[in-house]
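**Q** PDB, C-alpha atoms, saved as run.pdb, coming up:
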ATOM      1  CA  MET O 285      99.346 -53.464 160.555
ATOM      2  CA  PRO O 286     101.399 -54.352 163.599
ATOM      3  CA  THR O 287     100.962 -52.032 166.547
ATOM      4  CA  SER O 288     104.697 -51.342 166.643
ATOM      5  CA  SER O 289     104.281 -49.516 163.348
ATOM      6  CA  SER O 290     105.124 -45.849 163.747
ATOM      7  CA  PRO O 291     103.931 -43.057 161.452
ATOM      8  CA  TYR O 292     107.501 -43.027 160.130
ATOM      9  CA  SER O 293     107.678 -46.717 159.247
ATOM     10  CA  ALA O 294     104.151 -46.695 157.842
ATOM     11  CA  PHE O 295     105.028 -43.735 155.609
ATOM     12  CA  ALA O 296     108.344 -45.338 154.630
ATOM     13  CA  ALA O 297     106.534 -48.545 153.655
ATOM     14  CA  LEU O 298     103.984 -46.561 151.660
ATOM     15  CA  LEU O 299     106.689 -44.659 149.791
ATOM     16  CA  THR O 300     108.715 -47.799 149.091
ATOM     17  CA  SER O 301     105.703 -49.776 147.908
ATOM     18  CA  SER O 302     104.786 -46.886 145.608
ATOM     19  CA  GLY O 303     108.248 -46.933 144.080
ATOM     20  CA  PHE O 304     109.601 -43.807 145.793
ATOM     21  CA  PRO O 305     112.918 -44.618 147.485
ATOM     22  CA  VAL O 306     112.732 -41.377 149.444
ATOM     23  CA  SER O 307     112.990 -41.021 153.195
ATOM     24  CA  PRO O 308     109.880 -39.719 154.984
ATOM     25  CA  ALA O 309     112.313 -37.687 157.088
ATOM     26  CA  GLU O 310     113.609 -35.879 154.022
ATOM     27  CA  LEU O 311     110.067 -35.216 152.784
ATOM     28  CA  HIS O 312     109.004 -33.868 156.166
ATOM     29  CA  GLY O 313     112.147 -31.723 156.315
ATOM     30  CA  LEU O 314     111.413 -30.376 152.840
ATOM     31  CA  LEU O 315     107.855 -29.518 153.842
ATOM     32  CA  LEU O 316     108.900 -27.796 157.051
ATOM     33  CA  GLY O 317     111.756 -25.992 155.347
ATOM     34  CA  ARG O 318     109.566 -24.488 152.668
ATOM     35  CA  SER O 319     106.835 -23.695 155.194
ATOM     36  CA  CYS O 320     109.303 -21.941 157.501
ATOM     37  CA  ALA O 321     110.681 -19.937 154.589
ATOM     38  CA  GLY O 322     107.214 -18.604 153.832
ATOM     39  CA  ALA O 323     105.842 -20.950 151.176
ATOM     40  CA  GLY O 324     102.450 -20.889 152.837
ATOM     41  CA  PHE O 325     100.252 -23.972 153.107
ATOM     42  CA  GLU O 326      98.900 -24.270 149.607
ATOM     43  CA  ILE O 327      98.456 -27.980 148.899
ATOM     44  CA  ASP O 328      99.163 -27.856 145.155
ATOM     45  CA  ALA O 329     102.436 -25.984 145.527
ATOM     46  CA  TRP O 330     103.564 -28.480 148.177
ATOM     47  CA  LEU O 331     102.675 -31.434 145.937
ATOM     48  CA  VAL O 332     104.744 -29.897 143.131
ATOM     49  CA  ASP O 333     107.790 -29.549 145.401
ATOM     50  CA  ALA O 334     107.248 -33.049 146.798
ATOM     51  CA  ALA O 335     106.975 -34.467 143.275
ATOM     52  CA  GLU O 336     110.343 -32.934 142.496
ATOM     53  CA  LEU O 337     111.961 -34.773 145.403
ATOM     54  CA  LEU O 338     110.063 -37.970 144.597
ATOM     55  CA  GLY O 339     110.912 -37.755 140.910
ATOM     56  CA  ALA O 340     107.269 -38.167 139.901
ATOM     57  CA  ALA O 341     103.855 -36.810 140.796
ATOM     58  CA  PRO O 342     102.480 -38.769 143.764
ATOM     59  CA  GLN O 343      99.198 -40.600 143.292
ATOM     60  CA  ASP O 344      96.403 -41.791 145.561
ATOM     61  CA  ASN O 345      97.704 -42.959 148.945
ATOM     62  CA  VAL O 346     101.021 -41.141 148.713
ATOM     63  CA  ARG O 347      99.228 -37.981 147.661
ATOM     64  CA  GLN O 348      96.835 -38.332 150.602
ATOM     65  CA  ALA O 349      99.734 -38.933 152.985
ATOM     66  CA  LEU O 350     101.502 -35.805 151.720
ATOM     67  CA  ILE O 351      98.340 -33.750 152.151
ATOM     68  CA  GLY O 352      97.980 -35.136 155.676
ATOM     69  CA  LEU O 353     101.566 -34.208 156.405
ATOM     70  CA  GLN O 354     100.920 -30.688 155.151
ATOM     71  CA  GLU O 355      97.855 -30.361 157.409
ATOM     72  CA  MET O 356      99.865 -31.579 160.391
ATOM     73  CA  VAL O 357     102.689 -29.086 159.766
ATOM     74  CA  LYS O 358     100.219 -26.278 159.194
ATOM     75  CA  GLY O 359      98.587 -27.074 162.519
ATOM     76  CA  GLU O 360     101.934 -27.126 164.303
ATOM     77  CA  LEU O 361     103.235 -23.905 162.808
ATOM     78  CA  SER O 362     100.050 -21.893 163.048
ATOM     79  CA  GLY O 363      98.833 -23.351 166.353
ATOM     80  CA  ASP O 364      99.566 -22.186 169.862
ATOM     81  CA  GLU O 365     101.712 -25.169 170.716
ATOM     82  CA  VAL O 366     105.330 -24.249 170.205
ATOM     83  CA  THR O 367     106.589 -27.606 169.063
ATOM     84  CA  VAL O 368     107.220 -29.533 165.910
ATOM     85  CA  VAL O 369     106.875 -33.288 165.750
ATOM     86  CA  LEU O 370     109.683 -34.672 163.618
ATOM     87  CA  LEU O 371     108.892 -37.526 161.295
ATOM     88  CA  LEU O 372     111.750 -39.851 162.290
ATOM     89  CA  PRO O 373     112.193 -43.513 163.171
ATOM     90  CA  THR O 374     111.092 -44.445 166.703
ATOM     91  CA  ASP O 375     113.576 -44.616 169.549
ATOM     92  CA  ASP O 376     113.774 -48.391 169.348
ATOM     93  CA  ALA O 377     115.309 -48.204 165.865
ATOM     94  CA  PRO O 378     119.118 -48.512 165.812
ATOM     95  CA  LEU O 379     120.839 -45.201 166.477
ATOM     96  CA  SER O 380     122.644 -45.397 163.137
ATOM     97  CA  GLU O 381     119.300 -45.581 161.321
ATOM     98  CA  ARG O 382     117.875 -42.680 163.335
ATOM     99  CA  ALA O 383     121.016 -40.592 162.754
ATOM    100  CA  VAL O 384     120.801 -41.126 158.985
ATOM    101  CA  ALA O 385     117.138 -40.092 159.041
ATOM    102  CA  LEU O 386     118.057 -37.029 161.086
ATOM    103  CA  GLY O 387     120.612 -36.067 158.449
ATOM    104  CA  GLN O 388     118.057 -36.601 155.690
ATOM    105  CA  TRP O 389     115.561 -34.463 157.562
ATOM    106  CA  CYS O 390     118.070 -31.611 157.791
ATOM    107  CA  GLN O 391     118.969 -31.933 154.110
ATOM    108  CA  GLY O 392     115.294 -31.832 153.208
ATOM    109  CA  PHE O 393     114.742 -28.813 155.426
ATOM    110  CA  LEU O 394     117.667 -26.892 153.959
ATOM    111  CA  GLY O 395     116.515 -27.797 150.450
ATOM    112  CA  GLY O 396     112.955 -26.692 151.113
ATOM    113  CA  PHE O 397     114.072 -23.514 152.840
ATOM    114  CA  GLY O 398     116.505 -22.652 150.068
ATOM    115  CA  LEU O 399     113.878 -23.360 147.434
ATOM    116  CA  THR O 400     111.484 -20.874 148.975
ATOM    117  CA  ALA O 401     113.431 -18.249 150.892
ATOM    118  CA  ARG O 402     113.152 -14.751 149.527
ATOM    119  CA  ASP O 403     116.404 -12.920 149.021
ATOM    120  CA  SER O 404     115.638 -10.971 152.146
ATOM    121  CA  ALA O 405     118.452 -10.758 154.643
ATOM    122  CA  LEU O 406     118.170 -13.187 157.516
ATOM    123  CA  SER O 407     119.046 -12.283 161.073
ATOM    124  CA  ALA O 408     122.303 -13.590 162.497
ATOM    125  CA  GLU O 409     120.242 -15.948 164.633
ATOM    126  CA  ALA O 410     118.441 -17.380 161.619
ATOM    127  CA  MET O 411     121.716 -17.788 159.717
ATOM    128  CA  GLU O 412     123.115 -19.651 162.699
ATOM    129  CA  VAL O 413     120.152 -22.032 162.720
ATOM    130  CA  LEU O 414     120.687 -22.806 159.019
ATOM    131  CA  GLN O 415     124.397 -23.396 159.639
ATOM    132  CA  ASP O 416     123.538 -25.688 162.549
ATOM    133  CA  LEU O 417     121.155 -27.662 160.356
ATOM    134  CA  SER O 418     123.832 -27.925 157.720
ATOM    135  CA  ALA O 419     126.275 -29.265 160.320
ATOM    136  CA  ILE O 420     123.685 -31.713 161.675
ATOM    137  CA  ALA O 421     123.034 -32.967 158.146
ATOM    138  CA  GLN O 422     126.646 -34.203 158.123
ATOM    139  CA  VAL O 423     126.448 -35.806 161.555
ATOM    140  CA  GLN O 424     125.027 -39.212 160.773
ATOM    141  CA  ASN O 425     128.343 -41.068 160.886
ATOM    142  CA  ALA O 426     129.543 -39.325 164.025
ATOM    143  CA  LEU O 427     126.973 -40.753 166.430
ATOM    144  CA  GLU O 428     128.176 -43.890 168.212
ATOM    145  CA  GLU O 429     125.869 -46.609 169.482
ATOM    146  CA  SER O 430     126.405 -45.627 173.114
ATOM    147  CA  GLU O 431     124.801 -43.689 175.899
ATOM    148  CA  ASP O 432     126.677 -40.590 174.753
ATOM    149  CA  GLY O 433     125.467 -41.137 171.219
ATOM    150  CA  GLU O 434     121.890 -41.460 172.497
ATOM    151  CA  ASN O 435     122.255 -38.264 174.518
ATOM    152  CA  ASP O 436     123.675 -36.392 171.537
ATOM    153  CA  TYR O 437     120.824 -37.645 169.383
ATOM    154  CA  MET O 438     118.231 -36.507 171.933
ATOM    155  CA  GLU O 439     119.857 -33.067 172.202
ATOM    156  CA  VAL O 440     119.805 -32.647 168.443
ATOM    157  CA  MET O 441     116.151 -33.756 168.372
ATOM    158  CA  GLU O 442     115.246 -31.169 171.011
ATOM    159  CA  TYR O 443     117.027 -28.499 169.009
ATOM    160  CA  LEU O 444     115.263 -29.473 165.783
ATOM    161  CA  ARG O 445     111.887 -29.218 167.493
ATOM    162  CA  VAL O 446     112.424 -25.502 168.156
ATOM    163  CA  ALA O 447     114.902 -24.324 165.496
ATOM    164  CA  PRO O 448     112.353 -24.361 162.642
ATOM    165  CA  LEU O 449     110.020 -22.205 164.718
ATOM    166  CA  LEU O 450     112.610 -19.452 164.928
ATOM    167  CA  LEU O 451     112.925 -19.443 161.140
ATOM    168  CA  PHE O 452     109.166 -19.611 160.748
ATOM    169  CA  SER O 453     108.571 -16.656 163.055
ATOM    170  CA  GLU O 454     111.222 -14.633 161.240
ATOM    171  CA  CYS O 455     110.513 -15.562 157.627
ATOM    172  CA  ALA O 456     106.973 -16.820 157.287
ATOM    173  CA  LYS O 457     104.915 -15.110 159.979
ATOM    174  CA  PRO O 458     105.740 -11.568 158.797
ATOM    175  CA  LEU O 459     104.812 -12.649 155.250
ATOM    176  CA  ALA O 460     101.503 -13.962 156.441
ATOM    177  CA  ALA O 461     100.828 -10.796 158.432
ATOM    178  CA  THR O 462     101.994  -8.293 155.830
ATOM    179  CA  ALA O 463     101.345  -9.465 152.336
ATOM    180  CA  LYS O 464     102.374  -6.050 151.024
ATOM    181  CA  PRO O 465     105.320  -5.719 148.674
ATOM    182  CA  SER O 466     108.390  -4.397 150.415
ATOM    183  CA  LEU O 467     110.296  -1.428 149.080
ATOM    184  CA  HIS O 468     113.992  -1.847 148.422
TER
END
Give the structure from this file in structure tokens form.
**A**
Amino acid sequence: MPTSSSPYSAFAALLTSSGFPVSPAELHGLLLGRSCAGAGFEIDAWLVDAAELLGAAPQDNVRQALIGLQEMVKGELSGDEVTVVLLLPTDDAPLSERAVALGQWCQGFLGGFGLTARDSALSAEAMEVLQDLSAIAQVQNALEESEDGENDYMEVMEYLRVAPLLLFSECAKPLAATAKPSLH
């Protein structure tokens, strides 16, 4: 493996070679989305949702990679560090490629969140985050290969590192803390 290989490109190569033409960004978004909506960190449930996106149940290496991804996200969301590492192409990839991956990540996140979210009302802040993600998912063609485009990309990245945490603290943390049924 060349040293320039990033986790993203390694995962992309693994998925492609296993016959899954799915973006690692979209998978990671899906995982974070469902986790932030309160899906918990149960491996089997995650593999079922991943299989749906992949179109088939993952085997061997892909399965291991998905489990590793789950462990990483669990560590990020339940740890003390308040940051999420996004699974996206490295900064030396063309901006257009990174922007597409960013859009895929947001689509995955919204899909995973929507799949899992209870019908509970979300705060205005949480709704805004979901709307932002939805807008970012459409952005891939708007970023120009330029310094401005790079700056916009970096700003969006910064936002996506913290936005999921807001949703997680609103939707998933209370579920983890109070596993009692709520009265309506």
**Q** Using Å and a single decimal, report how far atom CA of O:Leu298 sits from atom CA of O:Ala335.
**A**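 Distance reported for this atom pair: 15.0 Å.
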**Q** Give the centre and edge lengths of an axis-aligned box, in Å to one decimal, that holds all listed atoms of stretch 330-347 of chain O with 8 Å on each side, as lines of an AutoDock Vina configuration file.
**A**
center_x = 104.2
center_y = -35.7
center_z = 144.4
size_x = 31.6
size_y = 30.5
size_z = 25.0
**Q** Rounded to one decimal place, report the atom CA of O:Ala385-atom CA of O:Leu372 distance in Å.
**A**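 Pair atom CA of O:Ala385 / atom CA of O:Leu372 returns 6.3 Å.
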**Q** Exactly which residues make up the result of the PyMOL selection byres ((chain O and resi 312-316) around 8) on this file, given as a list in words?
**A**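 Applied to this file, the PyMOL selection byres ((chain O and resi 312-316) around 8) returns Pro308, Ala309, Glu310, Leu311, Gly317, Arg318, Ser319, Cys320, Trp330, Ala334, Leu353, Gln354, Val357, Leu370, Leu371, Gln388, Trp389, Cys390, Gln391, Gly392, Phe393, Leu394, Gly395, Gly396, Phe397 and Pro448 of chain O.
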**Q** Identify which of the residues O:Ala349, O:Leu399, O:Leu299, O:Val369 lies closest to O:Glu442, counting all atoms listed in the file when measuring atom-to-atom distances.
**A**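 Counting all atoms listed in the file, the residue closest to O:Glu442 is O:Val369.
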**Q** Which residues are near O:Gly324? Cut-off 10 Å, only C-alpha atoms, ignore same chain within fewer than 2 positions. Put them as a short mmCIF file (atom, residue, chain, number, x, y, z; two decimals) with C-alpha atoms, in the frame of the given file.
**A**
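After the write, result_35.cif holds the following:
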data_model
loop_
_atom_site.label_atom_id
_atom_site.label_comp_id
_atom_site.auth_asym_id
_atom_site.auth_seq_id
_atom_site.Cartn_x
_atom_site.Cartn_y
_atom_site.Cartn_z
CA ARG O 318 109.57 -24.49 152.67
CA SER O 319 106.84 -23.70 155.19
CA CYS O 320 109.30 -21.94 157.50
CA ALA O 321 110.68 -19.94 154.59
CA GLY O 322 107.21 -18.60 153.83
CA GLU O 326 98.90 -24.27 149.61
CA ILE O 327 98.46 -27.98 148.90
CA ALA O 329 102.44 -25.98 145.53
CA TRP O 330 103.56 -28.48 148.18
CA LYS O 358 100.22 -26.28 159.19
CA THR O 400 111.48 -20.87 148.98
CA ALA O 456 106.97 -16.82 157.29
CA LYS O 457 104.92 -15.11 159.98
CA LEU O 459 104.81 -12.65 155.25
CA ALA O 460 101.50 -13.96 156.44
#
**Q** Could you please determine the separation between atom CA of O:Glu355 and atom CA of O:Thr367 in Å, to one decimal place?
**A**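 Atom-to-atom, atom CA of O:Glu355 and atom CA of O:Thr367 are spaced 14.8 Å apart.
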**Q** Pull the neighbourhood of (116.0, -46.9, 162.3) for me: all residues within 12 Å in file coordinates, counting only C-alpha atoms, as a count of residues only.
**A** 24
**Q** Using all atoms listed in the file, which of O:Val368, O:Val346, O:Val306, O:Leu427 sits nearest O:Leu444?
**A**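 Of all the options, O:Val368 lies closest to O:Leu444.
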**Q** Pick the closest to O:Leu406 from O:Arg347, O:Ser430, O:Ala447, O:Glu454: which is it, counting all atoms listed in the file?
**A**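 Among O:Arg347, O:Ser430, O:Ala447, O:Glu454, it is O:Glu454 that comes nearest to O:Leu406.
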**Q** Check the smallest atom-to-atom distance from each of O:Cys455, O:Gln348, O:Met441, O:Val332 to O:Ala405 using all atoms listed in the file, then report the winner.
**A**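 When distances to O:Ala405 are compared using all atoms listed in the file, the smallest one comes from O:Cys455.
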